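In what follows, a structure is listed as structure tokens, so that the remarks can point back to it.
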Amino acid sequence: MSRDDDHHHHHDESEDDVQEHRTHGAPLTDVELRVRALESLLIDKGLVDPAALDALIDTYETKVGPRNGAKVVARAWVDPAYKRRLLEDGTAAVAEFGFMGRQAERLVVVENTRDVHNVVVCTLCSCYPWAVLGLPPVWYKSAPYRSRAVIDPRGVLKELGVEVPADRAVRVWDSTAEIRYMVLPERPKDTEGMSEEQLAALVTRDAMIGVATVTR
Amino acid sequence: MNGAHDLGGMHGFGAVEIERDEPVFHGEWERRTFAITLATGFLGKWNLDMSRYAREQMPPAEYLATTYYEHWLFGLEKLLDQHGLVRHEELEARLRDAAAPARPVEGAGILAARDVEKTLRTSRTSKADEDVAPRYKVGDRVITKNVHPLGHTRLPRYARGKRGKVVLDHGVWVFPDSAGNDLGRKPQHCYSVRFTADELWGTEAPTRDAVHIDLWDDHLEPA
């Protein structure tokens, strides 16, 4: 059996059947069996440490996520000196919070203003600033977003509820290198009395990708 | 390669649908695929760009019909086979029989659980320390090469043969179009290059808008 044939037999089942298994916890799908077999081989061969696998999953499931980025944004909103540092050297500024490492060797933070709306994509794979936002959501990795964000950013943004005025420039950042981009969204109106912590609670993952605005 | 992964500018995929309260992983197999891919990456047998290239080689019809972690699994199986760590036949045998033998691999420096936190914080994959002179400076006008390499490249199809302007110099980085094809790191400057929307998409595109793409010296010519 050729390599391609091996892989194609995943798809003999219709999508509905696959969905059925996933929903009702019925027999494992081919891809689930395949991952299980591969992991067991890697463990038996001494190529992975099972405890390290659990630690990797735990890191991105419970420790690193968009709350990291939200803290950075809220700090930038209340502290002009921090905001300057963040826009000047994002990597160093987020390291002040201890956020660094994998998928953020260089972080560039781009500011949304009255004149510019920034939005981030990776058309070639799904590069994403893990250190500040965690792992990317499915829509960010999907063909609709990766194909359309560069050719019709205003259309995509409008569908997602962000109408960018005609006199405001849209700037798309296609993450084709190991440089990672995060959007500093505009601070919402009527939040003058709010604490940094309260502000951080308003900041969403999608606003830091640039497909949403922050509201009170 | 002009593969199905190079999606920028394509039509027909429909609306972007955001899942509310999305979990980090959709099912246990995604967790395991993520973890074994990251962990085996630290064996040092391949680089990040080679792992991207492995995923890009999934046949186009299959790539478009499968999910992100299925691309990862395809790429991982390919790399493990190519490097003799887990042969396809071994995996097929293990699928048929959970007790099928695992041929031992000697001398692998594996990622230990106690090192995970430090490794994730400090791992560098692509920033280069070499002192290489930049060929361009911020403000320079450039034109991207019109090239269609069969191997790995980070110059997207929609931006080939296009005129842009250098807006940021990111410093010296490994060149994926070399490293991804296992041809060496070839460190050089990487820049953010600004392309106007009408340069990329024609005169009907909004004139104020632009796409910024990270490109390396070897992707660019003076304009």
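Residues are named by chain letter and number: chains run A, B, ... in the order of the structure tokens, numbers start at 1 in each chain, and ligands are numbered from 1 in the order shown.
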
Distance cut-off 6 Å, counting only C-alpha atoms - which residues of chain B neighbour chain A? Return them as a PyMOL selection string. chain B and resi 5-10+13-14+16+18+29+35+94-95+102+104-105+110+112-113+120-123+154+208-214

I need the helix (DSSP H, G or I) residues of segment 57-222 of chain B per DSSP on the backbone, written as an NGL selection string. :B and (60-65 or 68-82 or 88-96 or 113-122 or 157-159 or 176-179 or 197-201 or 217-219)

Atom-to-atom span, atom CA of Tyr136 of chain B and atom CA of Lys162 of chain B, Å: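 Between atom CA of Tyr136 of chain B and atom CA of Lys162 of chain B the gap is 16.3 Å.
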
Quick one: everything within 12 Å of Ala207 of chain A, counting only C-alpha atoms, minus sequence neighbours fewer than 2 positions away in the same chain. Send it as a count of residues only. 35

Pick from B:Phe175, B:Tyr53, B:Phe195, B:Phe25, whichever lies nearest to Phe74 of chain B using only C-alpha atoms: B:Tyr53

Determine, counting only C-alpha atoms, which protein, DNA and RNA residues have an atom within 9 Å of an atom of Pro187 of chain B; residues of the same chain fewer than 3 positions away are not included. Present the result as a PDB file with N, CA and C atoms, in the first residue's frame.
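Output file around_9.pdb follows:
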```
ATOM      1  N   LYS B 127      16.262  32.862  15.000  1.00  0.00           N
ATOM      2  CA  LYS B 127      17.044  34.094  15.069  1.00  0.00           C
ATOM      3  C   LYS B 127      18.511  33.703  14.948  1.00  0.00           C
ATOM      4  N   ALA B 128      19.252  34.462  14.138  1.00  0.00           N
ATOM      5  CA  ALA B 128      20.662  34.122  13.902  1.00  0.00           C
ATOM      6  C   ALA B 128      21.567  35.142  14.585  1.00  0.00           C
ATOM      7  N   ASP B 129      22.710  34.666  15.072  1.00  0.00           N
ATOM      8  CA  ASP B 129      23.663  35.558  15.747  1.00  0.00           C
ATOM      9  C   ASP B 129      24.712  36.122  14.795  1.00  0.00           C
ATOM     10  N   GLU B 130      24.793  35.579  13.613  1.00  0.00           N
ATOM     11  CA  GLU B 130      25.807  36.037  12.657  1.00  0.00           C
ATOM     12  C   GLU B 130      25.615  37.525  12.335  1.00  0.00           C
ATOM     13  N   ASP B 131      26.724  38.171  12.119  1.00  0.00           N
ATOM     14  CA  ASP B 131      26.685  39.584  11.741  1.00  0.00           C
ATOM     15  C   ASP B 131      26.709  39.657  10.209  1.00  0.00           C
ATOM     16  N   VAL B 132      25.544  39.759   9.629  1.00  0.00           N
ATOM     17  CA  VAL B 132      25.437  39.792   8.166  1.00  0.00           C
ATOM     18  C   VAL B 132      24.944  41.185   7.769  1.00  0.00           C
ATOM     19  N   VAL B 172      18.911  39.639  11.576  1.00  0.00           N
ATOM     20  CA  VAL B 172      19.395  38.467  10.830  1.00  0.00           C
ATOM     21  C   VAL B 172      18.681  37.192  11.299  1.00  0.00           C
ATOM     22  N   TRP B 173      18.178  36.451  10.353  1.00  0.00           N
ATOM     23  CA  TRP B 173      17.404  35.238  10.627  1.00  0.00           C
ATOM     24  C   TRP B 173      17.837  34.120   9.695  1.00  0.00           C
ATOM     25  N   VAL B 174      17.585  32.884  10.146  1.00  0.00           N
ATOM     26  CA  VAL B 174      17.750  31.718   9.278  1.00  0.00           C
ATOM     27  C   VAL B 174      16.834  31.900   8.060  1.00  0.00           C
ATOM     28  N   PHE B 175      17.298  31.492   6.884  1.00  0.00           N
ATOM     29  CA  PHE B 175      16.502  31.632   5.666  1.00  0.00           C
ATOM     30  C   PHE B 175      15.727  30.334   5.404  1.00  0.00           C
ATOM     31  N   GLY B 184      20.995  24.149   4.660  1.00  0.00           N
ATOM     32  CA  GLY B 184      21.783  25.062   5.486  1.00  0.00           C
ATOM     33  C   GLY B 184      21.002  26.299   5.895  1.00  0.00           C
TER      34      GLY B 184
END
```

Show which residues sit within 10 Å of Glu70 of chain B, as a ChimeraX atom specification. Count only C-alpha atoms, and ignore same-chain residues fewer than 3 positions away. /A:31,35 /B:29-30,33,55,58,62-63,65-67,73-76

All strand (DSSP E or B) positions in segment 133-167 of chain B, as an MDAnalysis selection string: chainID B and resid 141:144 163:167

Pull C-alpha atoms from the residues just selected and write them as a short mmCIF file (atom, residue, chain, number, x, y, z; two decimals), in the first residue's frame.
```
data_model
loop_
_atom_site.label_atom_id
_atom_site.label_comp_id
_atom_site.auth_asym_id
_atom_site.auth_seq_id
_atom_site.Cartn_x
_atom_site.Cartn_y
_atom_site.Cartn_z
CA ARG B 141 11.83 50.26 -2.83
CA VAL B 142 12.05 46.58 -3.73
CA ILE B 143 10.51 44.09 -6.10
CA THR B 144 9.96 40.48 -5.14
CA ARG B 163 6.68 46.15 -5.83
CA GLY B 164 6.90 47.10 -2.18
CA LYS B 165 8.74 49.21 0.35
CA VAL B 166 10.90 48.06 3.27
CA VAL B 167 9.31 49.33 6.50
#
```

Quick one: distance from atom CA of Glu96 of chain A to atom CA of Ser192 of chain B in Å, one decimal?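 Interatomic distance here is 24.9 Å.
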